[in-house]
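Asks: Pasting input16.txt here (compact mmCIF, C-alpha atoms):
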# COMPACT_ATOMS: atom_id res chain seq x y z
CA MET A 1 -19.85 -110.54 6.23
CA ARG A 2 -17.88 -107.26 5.97
CA ARG A 3 -18.92 -104.62 8.39
CA THR A 4 -19.51 -101.16 6.89
CA THR A 5 -18.78 -98.04 8.86
CA THR A 6 -20.53 -94.74 8.48
CA ARG A 7 -18.94 -91.44 9.52
CA ARG A 8 -21.07 -89.03 11.32
CA LYS A 9 -20.83 -85.39 10.34
CA PRO A 10 -19.59 -83.23 13.15
CA VAL A 11 -22.27 -81.23 14.78
CA VAL A 12 -21.70 -77.48 14.31
CA ARG A 13 -23.16 -75.50 17.09
CA ARG A 14 -23.89 -71.95 16.04
CA LYS A 15 -23.99 -69.16 18.53
CA PRO A 16 -27.30 -67.43 18.63
CA ARG A 17 -27.20 -64.17 16.63
CA LYS A 18 -27.67 -61.02 18.58
CA LYS A 19 -30.38 -58.73 17.45
CA THR A 20 -28.94 -55.47 16.07
CA PHE A 21 -30.73 -52.22 15.57
CA PHE A 22 -29.71 -49.97 12.66
CA PHE A 23 -30.12 -46.71 14.55
CA SER A 24 -28.45 -47.77 17.76
CA GLY A 25 -24.85 -46.84 16.70
CA LYS A 26 -25.78 -43.58 15.06
CA LEU A 27 -28.09 -42.62 17.87
CA ARG A 28 -25.27 -43.04 20.36
CA SER A 29 -22.93 -40.84 18.25
CA TYR A 30 -25.58 -38.17 17.80
CA SER A 31 -26.30 -38.19 21.51
CA ILE A 32 -22.64 -37.63 22.38
CA ILE A 33 -22.30 -34.81 19.84
CA GLY A 34 -25.52 -33.23 21.03
CA PHE A 35 -24.33 -33.40 24.63
CA PHE A 36 -21.12 -31.51 23.86
CA ILE A 37 -22.97 -28.91 21.80
CA LEU A 38 -25.34 -28.25 24.67
CA LEU A 39 -22.40 -28.14 27.06
CA PHE A 40 -20.58 -25.60 24.88
CA LEU A 41 -23.68 -23.43 24.54
CA GLY A 42 -24.30 -23.62 28.26
CA VAL A 43 -20.75 -22.57 29.13
CA GLY A 44 -20.89 -19.78 26.55
CA TYR A 45 -24.16 -18.48 27.95
CA HIS A 46 -22.92 -18.69 31.52
CA TYR A 47 -19.77 -16.67 30.74
CA ARG A 48 -21.35 -14.44 28.10
CA ASP A 49 -20.55 -11.22 29.95
CA GLY A 50 -16.90 -12.16 30.24
CA PHE A 51 -16.62 -13.05 26.56
CA LEU A 52 -18.26 -9.80 25.51
CA TYR A 53 -15.94 -7.82 27.78
CA TYR A 54 -12.88 -9.60 26.37
CA LEU A 55 -13.89 -9.02 22.75
CA GLY A 56 -14.77 -5.41 23.49
CA PHE A 57 -11.44 -4.90 25.22
CA LYS A 58 -9.51 -6.33 22.26
CA SER A 59 -11.43 -4.09 19.86
CA TYR A 60 -10.90 -1.07 22.10
CA LYS A 61 -7.19 -1.86 22.44
CA LEU A 62 -6.73 -2.04 18.66
CA LYS A 63 -8.57 1.23 18.13
CA TYR A 64 -6.54 2.84 20.90
CA GLU A 65 -3.23 1.71 19.36
CA GLN A 66 -4.28 3.00 15.95
CA ALA A 67 -5.41 6.32 17.39
CA GLU A 68 -2.19 6.66 19.39
CA ALA A 69 -0.03 5.96 16.31
CA LYS A 70 -2.03 8.55 14.34
CA ARG A 71 -1.67 11.08 17.17
CA ILE A 72 2.12 10.63 17.25
CA SER A 73 2.27 10.92 13.46
CA ASP A 74 0.20 14.11 13.56
CA VAL A 75 2.51 15.63 16.15
CA ARG A 76 5.54 14.92 13.96
CA ASN A 77 3.78 16.27 10.87
CA TYR A 78 3.00 19.48 12.70
CA GLN A 79 6.59 19.87 13.89
CA VAL A 80 8.03 19.23 10.43
CA LEU A 81 5.70 21.79 8.87
CA GLU A 82 6.61 24.34 11.55
CA ASN A 83 10.31 23.74 10.81
CA HIS A 84 9.73 24.58 7.14
CA GLN A 85 7.86 27.86 7.31
CA GLY A 86 8.02 29.57 3.94
CA LYS A 87 8.60 26.36 1.98
CA ALA A 88 6.01 25.21 -0.57
CA ILE A 89 3.88 22.31 0.70
CA GLY A 90 2.11 19.78 -1.51
CA LEU A 91 0.59 16.31 -1.90
CA ASP A 92 0.92 13.28 -4.10
CA VAL A 93 -2.12 11.16 -4.90
CA SER A 94 -3.23 8.15 -6.92
CA GLU A 95 -6.25 5.90 -7.31
CA PHE A 96 -5.56 4.58 -3.79
CA GLN A 97 -7.09 7.78 -2.40
CA GLY A 98 -10.32 7.06 -4.28
CA GLU A 99 -12.44 9.96 -5.48
CA ILE A 100 -11.11 13.26 -4.15
CA ASP A 101 -13.31 16.29 -3.51
CA TRP A 102 -10.91 18.88 -4.90
CA THR A 103 -13.19 21.74 -3.87
CA LEU A 104 -12.21 21.02 -0.24
CA VAL A 105 -8.47 20.47 -0.74
CA GLU A 106 -6.92 23.69 0.54
CA THR A 107 -4.68 23.35 3.59
CA ILE A 108 -3.00 20.92 5.97
CA GLU A 109 -3.25 21.41 9.72
CA GLU A 110 -5.75 24.19 8.80
CA LYS A 111 -2.77 26.51 8.47
CA HIS A 112 -0.38 25.53 5.70
CA PRO A 113 -1.71 26.06 2.16
CA LEU A 114 -1.24 23.23 -0.31
CA GLU A 115 0.51 24.68 -3.34
CA PHE A 116 1.26 21.65 -5.54
CA VAL A 117 0.35 18.02 -6.20
CA PHE A 118 1.99 15.10 -7.96
CA ILE A 119 -0.51 12.70 -9.54
CA ARG A 120 0.22 9.11 -10.55
CA ALA A 121 -0.47 8.65 -14.25
CA THR A 122 0.90 5.22 -15.16
CA ALA A 123 2.57 2.09 -13.80
CA GLY A 124 4.70 -0.36 -15.74
CA ASN A 125 4.08 -0.82 -19.44
CA ASP A 126 0.32 -1.37 -19.34
CA ARG A 127 -1.32 0.32 -16.36
CA GLU A 128 -3.03 3.70 -16.39
CA ASP A 129 -4.12 5.06 -13.03
CA SER A 130 -7.92 4.91 -12.93
CA GLN A 131 -8.20 8.32 -11.23
CA PHE A 132 -5.56 10.19 -13.21
CA GLU A 133 -7.87 12.21 -15.49
CA GLU A 134 -10.17 13.22 -12.63
CA ASN A 135 -7.26 14.19 -10.39
CA TRP A 136 -5.47 16.01 -13.20
CA LEU A 137 -8.51 18.17 -13.93
CA GLY A 138 -9.37 18.55 -10.24
CA ALA A 139 -5.93 19.93 -9.41
CA LYS A 140 -6.23 22.41 -12.27
CA SER A 141 -9.63 23.56 -11.00
CA ARG A 142 -7.99 24.32 -7.63
CA LYS A 143 -5.21 26.23 -9.44
CA MET A 144 -2.62 23.97 -7.82
CA ILE A 145 0.74 23.47 -9.49
CA ARG A 146 0.48 19.92 -10.77
CA GLY A 147 2.85 17.21 -11.94
CA ALA A 148 2.52 13.61 -13.16
CA TYR A 149 4.59 10.58 -12.19
CA HIS A 150 5.21 7.09 -13.50
CA TYR A 151 5.66 4.04 -11.25
CA TYR A 152 8.57 2.12 -12.78
CA ARG A 153 8.57 -1.69 -12.82
CA PRO A 154 12.18 -2.91 -13.12
CA ASN A 155 11.34 -6.16 -14.91
CA GLU A 156 9.32 -4.58 -17.72
CA ASN A 157 10.57 -2.93 -20.90
CA SER A 158 11.70 0.61 -20.10
CA LEU A 159 10.89 2.13 -23.51
CA GLU A 160 7.38 0.64 -23.46
CA GLN A 161 6.89 2.20 -20.03
CA ALA A 162 8.09 5.56 -21.33
CA GLN A 163 5.71 5.39 -24.30
CA LEU A 164 2.75 4.63 -22.04
CA PHE A 165 3.53 7.68 -19.91
CA ILE A 166 3.97 9.91 -22.98
CA LYS A 167 0.67 8.70 -24.45
CA THR A 168 -1.18 9.31 -21.18
CA VAL A 169 0.27 12.62 -19.93
CA HIS A 170 -0.03 15.91 -21.79
CA LEU A 171 1.97 18.56 -19.95
CA HIS A 172 1.27 22.27 -20.37
CA LYS A 173 2.89 25.52 -19.39
CA GLY A 174 3.01 25.79 -15.61
CA ASP A 175 3.06 22.02 -14.99
CA LEU A 176 5.93 20.38 -13.13
CA PRO A 177 8.47 18.19 -14.97
CA PRO A 178 7.62 14.48 -15.31
CA VAL A 179 8.67 12.18 -12.48
CA LEU A 180 10.09 8.65 -12.53
CA ASP A 181 9.16 6.70 -9.37
CA ILE A 182 11.63 3.86 -8.70
CA GLU A 183 11.33 1.86 -5.48
CA LYS A 184 11.94 -1.82 -6.30
CA LEU A 185 15.02 -3.84 -7.22
CA PRO A 186 14.92 -6.07 -10.31
CA LYS A 187 14.47 -9.84 -10.21
CA GLY A 188 16.76 -11.93 -12.37
CA GLN A 189 18.80 -9.04 -13.70
CA SER A 190 21.77 -7.01 -12.56
CA LEU A 191 21.82 -3.51 -11.11
CA ASP A 192 23.69 -2.37 -14.21
CA SER A 193 20.78 -3.59 -16.33
CA LEU A 194 18.34 -1.73 -14.08
CA LYS A 195 20.30 1.50 -14.45
CA ILE A 196 20.39 1.13 -18.25
CA GLY A 197 16.60 0.78 -18.24
CA LEU A 198 16.16 3.84 -16.03
CA ARG A 199 18.42 5.87 -18.33
CA ARG A 200 16.41 4.82 -21.36
CA TRP A 201 13.13 5.89 -19.73
CA LEU A 202 14.60 9.22 -18.63
CA LYS A 203 16.10 9.98 -22.03
CA ALA A 204 12.93 9.05 -23.95
CA VAL A 205 10.73 11.19 -21.70
CA GLU A 206 13.16 14.12 -21.79
CA ALA A 207 13.31 13.98 -25.59
CA HIS A 208 9.50 14.17 -25.77
CA TYR A 209 8.79 16.89 -23.19
CA LYS A 210 12.03 18.87 -23.67
CA VAL A 211 12.65 18.96 -19.94
CA LYS A 212 14.76 16.82 -17.60
CA PRO A 213 12.62 14.48 -15.45
CA ILE A 214 12.78 14.28 -11.66
CA ILE A 215 13.52 10.96 -9.91
CA TYR A 216 11.49 9.85 -6.87
CA THR A 217 12.81 7.18 -4.50
CA GLY A 218 13.46 6.34 -0.84
CA GLU A 219 16.51 7.78 0.89
CA LYS A 220 18.23 4.40 1.33
CA TYR A 221 17.58 3.43 -2.30
CA TYR A 222 18.99 6.82 -3.32
CA ASP A 223 22.14 6.40 -1.23
CA ASP A 224 22.77 2.77 -2.22
CA PHE A 225 21.95 2.71 -5.93
CA LEU A 226 21.27 6.10 -7.54
CA LYS A 227 23.19 8.91 -5.89
CA ASP A 228 26.45 8.40 -7.78
CA ASP A 229 25.24 7.21 -11.19
CA PHE A 230 22.35 9.70 -11.51
CA SER A 231 23.95 12.79 -9.97
CA ASP A 232 22.92 14.79 -13.05
CA TYR A 233 19.25 14.53 -12.01
CA LEU A 234 17.21 16.23 -9.31
CA PHE A 235 15.65 13.99 -6.66
CA TRP A 236 12.41 13.78 -4.72
CA ILE A 237 13.22 11.72 -1.61
CA ALA A 238 10.90 9.79 0.73
CA ASN A 239 11.87 9.46 4.39
CA TYR A 240 9.29 9.10 7.20
CA ASN A 241 11.72 8.50 10.09
CA PHE A 242 11.50 10.63 13.22
CA TYR A 243 15.21 11.38 13.21
CA ARG A 244 14.80 13.26 9.92
CA GLU A 245 13.54 16.72 10.86
CA LYS A 246 14.57 18.84 7.88
CA ILE A 247 14.82 18.47 4.14
CA GLY A 248 18.21 17.45 2.74
CA GLU A 249 20.17 20.26 1.14
CA ASP A 250 20.50 18.38 -2.16
CA TRP A 251 16.86 17.23 -2.27
CA LEU A 252 14.40 18.98 -4.55
CA PHE A 253 11.36 17.56 -2.72
CA TRP A 254 10.97 15.66 0.54
CA GLN A 255 8.05 13.28 1.14
CA PHE A 256 8.09 13.35 4.93
CA THR A 257 4.89 11.47 5.74
CA GLU A 258 2.39 9.02 4.30
CA LYS A 259 -0.11 9.48 7.14
CA ALA A 260 -1.49 12.97 6.83
CA SER A 261 -5.13 13.99 6.89
CA VAL A 262 -6.46 16.52 4.40
CA THR A 263 -10.04 17.66 4.05
CA GLY A 264 -11.54 16.34 0.83
CA ILE A 265 -9.42 13.16 0.80
CA LYS A 266 -10.51 9.94 2.48
CA GLY A 267 -7.89 8.14 4.55
CA ASN A 268 -4.21 8.97 4.71
CA VAL A 269 -2.28 10.92 2.10
CA ASP A 270 1.40 11.70 1.40
CA VAL A 271 2.69 15.22 2.07
CA ASN A 272 5.77 16.80 0.51
CA ILE A 273 7.97 19.84 1.02
CA TYR A 274 9.67 21.69 -1.84
CA ASN A 275 13.14 22.99 -1.10
CA GLY A 276 12.12 26.57 -1.76
CA ASP A 277 9.12 28.89 -1.75
CA VAL A 278 6.22 29.00 -4.19
CA GLU A 279 7.90 31.46 -6.54
CA GLN A 280 10.97 29.25 -6.75
CA LEU A 281 8.70 26.29 -7.43
CA ARG A 282 7.11 28.10 -10.36
CA PHE A 283 10.58 28.68 -11.73
CA ILE A 284 11.08 24.94 -12.41
CA THR A 285 7.70 24.40 -14.16
CA MET A 286 7.21 23.85 -17.89
CA GLU A 287 7.62 26.93 -20.08
Before anything else, please render the file you have as structure tokens.

Replies:
Amino acid sequence: MRRTTTRRKPVVRRKPRKKTFFFSGKLRSYSIIGFFILLFLGVGYHYRDGFLYYLGFKSYKLKYEQAEAKRISDVRNYQVLENHQGKAIGLDVSEFQGEIDWTLVETIEEKHPLEFVFIRATAGNDREDSQFEENWLGAKSRKMIRGAYHYYRPNENSLEQAQLFIKTVHLHKGDLPPVLDIEKLPKGQSLDSLKIGLRRWLKAVEAHYKVKPIIYTGEKYYDDFLKDDFSDYLFWIANYNFYREKIGEDWLFWQFTEKASVTGIKGNVDVNIYNGDVEQLRFITME
């Protein structure tokens, strides 16, 4: 008789499953986070006086530095004005000065009368200064000699920029000649192309108003790019450096500061000196 064999299945012994709790992991994490929050708050409360002193000191230091810079600027402004006794003094403003109370705009340093103002009218080929009309009328109400300027964008069509200025600004007898403000270099075009564009703007504006425009720029820009090629124009030069104490002999106007304080105007404002007295200034106005 044949013996049959049966195979026994191996016995699998399973380890007993540990009981797990859903909140145990999260509770541990929350506890750790809570501990550090309490620790941070406790340290902050313990050293609260030191933190407040530090923050107050930093704030005081910043205010002190700003006040000191303004004090030094005011001293220079006073000295420059004293060095130009008899010269006509004026401002230039734009929408960046906000709303101006023209009834209060009279003097600078409570001593030097403000005789003229240049007002930004336009920028590029599509931007009219939001405060131009108000400033234009406000200057007239103060009987200040007024002029309008255009901020030139080198990478925009020069004739379109000229037409925007002509459409916006209506000059009358006694107003100053129009001003072209050029401060930037072009992107993606040559200096020769820039100069052609400037010439086109100047010629178009001159043809309309029957008077030669004035060019505004910084002294370095003037020396490097404009002095030779635009020698047939009069210049209004900006230079705020301390080494410059007097107006250049060949400058028509000098913008010597951008940090002056004038009653009626919030914040800082630019101040300019004309290379002559008030009567000489009237001589160059529109007829």

Asks: Could you check which of A:Val271, A:Phe36, A:Val75, A:Asp228 is closest to Val93 in chain A, using only C-alpha atoms?

Replies: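 Using only C-alpha atoms, Val93 in chain A sits closest to A:Val271.
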
Asks: Can you work out which one of A:His208, A:Lys87, A:Lys227, A:Arg244 has the shortest atom-to-atom distance to Asn275 in chain A, counting all atoms listed in the file?

Replies: A:Lys87

Asks: Can you measure CA of Arg146 in chain A to CA of Asn83 in chain A for me? One decimal in Å is fine.

Replies: 24.0 Å

Asks: List as a PDB file with C-alpha atoms, in the frame of the given file the protein and nucleic acid residues near Tyr240 in chain A, meaning an atom at most 9 Å away when all atoms listed in the file are counted, but skip any in the same chain fewer than 2 places from it.

Replies:
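Once written, out-v9.pdb looks like this:
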ATOM      1  CA  ALA A 238      10.900   9.790   0.730  1.00  0.00           C
ATOM      2  CA  PHE A 242      11.500  10.630  13.220  1.00  0.00           C
ATOM      3  CA  TYR A 243      15.210  11.380  13.210  1.00  0.00           C
ATOM      4  CA  ARG A 244      14.800  13.260   9.920  1.00  0.00           C
ATOM      5  CA  GLN A 255       8.050  13.280   1.140  1.00  0.00           C
ATOM      6  CA  PHE A 256       8.090  13.350   4.930  1.00  0.00           C
ATOM      7  CA  THR A 257       4.890  11.470   5.740  1.00  0.00           C
ATOM      8  CA  GLU A 258       2.390   9.020   4.300  1.00  0.00           C
TER       9      GLU A 258
END

Asks: For Asn77 in chain A, which residue among A:Lys246, A:Lys140, A:Lys266, A:His172 is the nearest when counting all atoms listed in the file?

Replies: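 Checking each of A:Lys246, A:Lys140, A:Lys266, A:His172 against Asn77 in chain A, counting all atoms listed in the file, the winner is A:Lys246.
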
Asks: Work out how far apart CA of Leu171 in chain A and CA of Glu106 in chain A are and give it in Å to one decimal.

Replies: 22.9 Å

Asks: Could you list, as a list in words, every residue within 12 Å of Ser261 in chain A, counting only C-alpha atoms and ignoring same-chain residues fewer than 6 positions away?

Replies: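 Final neighbour list, sorted by chain and number: Lys70, Arg71, Ser73, Asp74, Asn77, Tyr78, Leu91, Gln97, Val105, Glu106, Thr107, Ile108, Glu109, Glu110, Gly267, Asn268, Val269, Asp270 and Val271 of chain A.
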
Asks: Can you tell me, as a VMD selection string, what residues are no more than 12 Å from Lys203 in chain A when counting only C-alpha atoms, ignoring any on the same chain fewer than 2 positions away?

Replies: chain A and resid 158 to 159 162 to 163 178 180 196 to 201 205 to 214 233

Asks: Write out, as a short mmCIF file (atom, residue, chain, number, x, y, z; two decimals), in the coordinates of the input, the residues just selected, with C-alpha atoms.

Replies:
data_model
loop_
_atom_site.label_atom_id
_atom_site.label_comp_id
_atom_site.auth_asym_id
_atom_site.auth_seq_id
_atom_site.Cartn_x
_atom_site.Cartn_y
_atom_site.Cartn_z
CA SER A 158 11.70 0.61 -20.10
CA LEU A 159 10.89 2.13 -23.51
CA ALA A 162 8.09 5.56 -21.33
CA GLN A 163 5.71 5.39 -24.30
CA PRO A 178 7.62 14.48 -15.31
CA LEU A 180 10.09 8.65 -12.53
CA ILE A 196 20.39 1.13 -18.25
CA GLY A 197 16.60 0.78 -18.24
CA LEU A 198 16.16 3.84 -16.03
CA ARG A 199 18.42 5.87 -18.33
CA ARG A 200 16.41 4.82 -21.36
CA TRP A 201 13.13 5.89 -19.73
CA VAL A 205 10.73 11.19 -21.70
CA GLU A 206 13.16 14.12 -21.79
CA ALA A 207 13.31 13.98 -25.59
CA HIS A 208 9.50 14.17 -25.77
CA TYR A 209 8.79 16.89 -23.19
CA LYS A 210 12.03 18.87 -23.67
CA VAL A 211 12.65 18.96 -19.94
CA LYS A 212 14.76 16.82 -17.60
CA PRO A 213 12.62 14.48 -15.45
CA ILE A 214 12.78 14.28 -11.66
CA TYR A 233 19.25 14.53 -12.01
#

Asks: I need the residue nearest Phe253 in chain A from this list: A:Asp101, A:Glu287, A:Glu219, A:Glu95. Use only C-alpha atoms for the distance.

Replies: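 The closest residue to Phe253 in chain A is A:Glu219.
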
Asks: Give me, please, the distance in Å between CA of Lys111 in chain A and CA of Asp181 in chain A, quoted to one decimal.

Replies: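 Calculated distance between CA of Lys111 in chain A and CA of Asp181 in chain A is 29.2 Å.
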
Asks: Which residue gives the smallest distance to Glu82 in chain A among A:Lys143, A:Thr103, A:Tyr216, A:His112, with all atoms listed in the file counted?

Replies: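 The shortest atom-to-atom distance to Glu82 in chain A comes from A:His112.
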
Asks: So, with all atoms listed in the file as the atoms that count, which of A:Gly264, A:Gly276, A:Pro113, A:Gly188 lies closest to Gly98 in chain A?

Replies: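 Of A:Gly264, A:Gly276, A:Pro113, A:Gly188, the one nearest Gly98 in chain A, counting all atoms listed in the file, is A:Gly264.
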
Asks: Mind listing whatever residues come within 8 Å of the point (4.1, 7.2, -14.2)? Use all atoms listed in the file, file coordinates, and give them as number ranges by chain.

Replies: A: 120-124, 148-152, 165, 179-181

Asks: Anything within 10 Å of (9.0, 26.1, -5.6): list those residues as a list in words, counting only C-alpha atoms and sticking to the file's coordinates.

Replies: Lys87, Ala88, Ile89, Glu115, Phe116, Ile145, Leu176, Leu252, Phe253, Ile273, Tyr274, Asn275, Gly276, Asp277, Val278, Glu279, Gln280, Leu281, Arg282, Phe283, Ile284 and Thr285 of chain A

Asks: Restricted to C-alpha atoms, what would the selected residues look like written as a PDB file, in the frame of the given file?

Replies:
ATOM      1  CA  LYS A  87       8.600  26.360   1.980  1.00  0.00           C
ATOM      2  CA  ALA A  88       6.010  25.210  -0.570  1.00  0.00           C
ATOM      3  CA  ILE A  89       3.880  22.310   0.700  1.00  0.00           C
ATOM      4  CA  GLU A 115       0.510  24.680  -3.340  1.00  0.00           C
ATOM      5  CA  PHE A 116       1.260  21.650  -5.540  1.00  0.00           C
ATOM      6  CA  ILE A 145       0.740  23.470  -9.490  1.00  0.00           C
ATOM      7  CA  LEU A 176       5.930  20.380 -13.130  1.00  0.00           C
ATOM      8  CA  LEU A 252      14.400  18.980  -4.550  1.00  0.00           C
ATOM      9  CA  PHE A 253      11.360  17.560  -2.720  1.00  0.00           C
ATOM     10  CA  ILE A 273       7.970  19.840   1.020  1.00  0.00           C
ATOM     11  CA  TYR A 274       9.670  21.690  -1.840  1.00  0.00           C
ATOM     12  CA  ASN A 275      13.140  22.990  -1.100  1.00  0.00           C
ATOM     13  CA  GLY A 276      12.120  26.570  -1.760  1.00  0.00           C
ATOM     14  CA  ASP A 277       9.120  28.890  -1.750  1.00  0.00           C
ATOM     15  CA  VAL A 278       6.220  29.000  -4.190  1.00  0.00           C
ATOM     16  CA  GLU A 279       7.900  31.460  -6.540  1.00  0.00           C
ATOM     17  CA  GLN A 280      10.970  29.250  -6.750  1.00  0.00           C
ATOM     18  CA  LEU A 281       8.700  26.290  -7.430  1.00  0.00           C
ATOM     19  CA  ARG A 282       7.110  28.100 -10.360  1.00  0.00           C
ATOM     20  CA  PHE A 283      10.580  28.680 -11.730  1.00  0.00           C
ATOM     21  CA  ILE A 284      11.080  24.940 -12.410  1.00  0.00           C
ATOM     22  CA  THR A 285       7.700  24.400 -14.160  1.00  0.00           C
TER      23      THR A 285
END

Asks: Edge lengths and centre in Å to one decimal, as AutoDock Vina command-line options, is what I'm after for the box along x, y and z that holds all listed atoms of range 111-116 of chain A once 4 Å is added on each side.

Replies:
--center_x -0.8 --center_y 24.1 --center_z 1.5 --size_x 12.0 --size_y 12.9 --size_z 22.0

Asks: From the structure block, carefully write range 180-194 of chain A out with N, CA and C atoms; format it as an mmCIF file, in the first residue's frame.

Replies:
data_model
loop_
_atom_site.group_PDB
_atom_site.id
_atom_site.type_symbol
_atom_site.label_atom_id
_atom_site.label_comp_id
_atom_site.auth_asym_id
_atom_site.auth_seq_id
_atom_site.Cartn_x
_atom_site.Cartn_y
_atom_site.Cartn_z
ATOM 1 N N LEU A 180 13.286 122.721 -23.508
ATOM 2 C CA LEU A 180 13.429 121.283 -23.756
ATOM 3 C C LEU A 180 14.309 120.692 -22.657
ATOM 4 N N ASP A 181 13.757 119.777 -21.882
ATOM 5 C CA ASP A 181 14.471 119.118 -20.780
ATOM 6 C C ASP A 181 14.979 117.761 -21.269
ATOM 7 N N ILE A 182 16.301 117.622 -21.412
ATOM 8 C CA ILE A 182 16.895 116.354 -21.843
ATOM 9 C C ILE A 182 17.887 115.882 -20.789
ATOM 10 N N GLU A 183 17.653 114.686 -20.251
ATOM 11 C CA GLU A 183 18.495 114.164 -19.173
ATOM 12 C C GLU A 183 18.964 112.730 -19.413
ATOM 13 N N LYS A 184 18.259 111.989 -20.266
ATOM 14 C CA LYS A 184 18.540 110.569 -20.457
ATOM 15 C C LYS A 184 19.226 110.316 -21.797
ATOM 16 N N LEU A 185 19.976 109.207 -21.851
ATOM 17 C CA LEU A 185 20.557 108.743 -23.108
ATOM 18 C C LEU A 185 19.607 107.730 -23.752
ATOM 19 N N PRO A 186 19.629 107.624 -25.071
ATOM 20 C CA PRO A 186 18.725 106.689 -25.741
ATOM 21 C C PRO A 186 19.131 105.239 -25.542
ATOM 22 N N LYS A 187 18.167 104.341 -25.708
ATOM 23 C CA LYS A 187 18.432 102.901 -25.680
ATOM 24 C C LYS A 187 18.219 102.347 -27.087
ATOM 25 N N GLY A 188 19.234 101.665 -27.596
ATOM 26 C CA GLY A 188 19.089 101.043 -28.900
ATOM 27 C C GLY A 188 19.232 101.973 -30.075
ATOM 28 N N GLN A 189 19.736 103.173 -29.843
ATOM 29 C CA GLN A 189 19.989 104.095 -30.945
ATOM 30 C C GLN A 189 21.250 104.893 -30.651
ATOM 31 N N SER A 190 21.813 105.470 -31.679
ATOM 32 C CA SER A 190 23.078 106.183 -31.545
ATOM 33 C C SER A 190 22.873 107.591 -31.009
ATOM 34 N N LEU A 191 23.976 108.202 -30.578
ATOM 35 C CA LEU A 191 23.925 109.592 -30.135
ATOM 36 C C LEU A 191 23.567 110.520 -31.292
ATOM 37 N N ASP A 192 24.037 110.185 -32.482
ATOM 38 C CA ASP A 192 23.692 110.997 -33.652
ATOM 39 C C ASP A 192 22.186 111.005 -33.876
ATOM 40 N N SER A 193 21.551 109.843 -33.688
ATOM 41 C CA SER A 193 20.100 109.763 -33.835
ATOM 42 C C SER A 193 19.396 110.595 -32.765
ATOM 43 N N LEU A 194 19.921 110.563 -31.538
ATOM 44 C CA LEU A 194 19.369 111.390 -30.461
ATOM 45 C C LEU A 194 19.431 112.866 -30.836
#
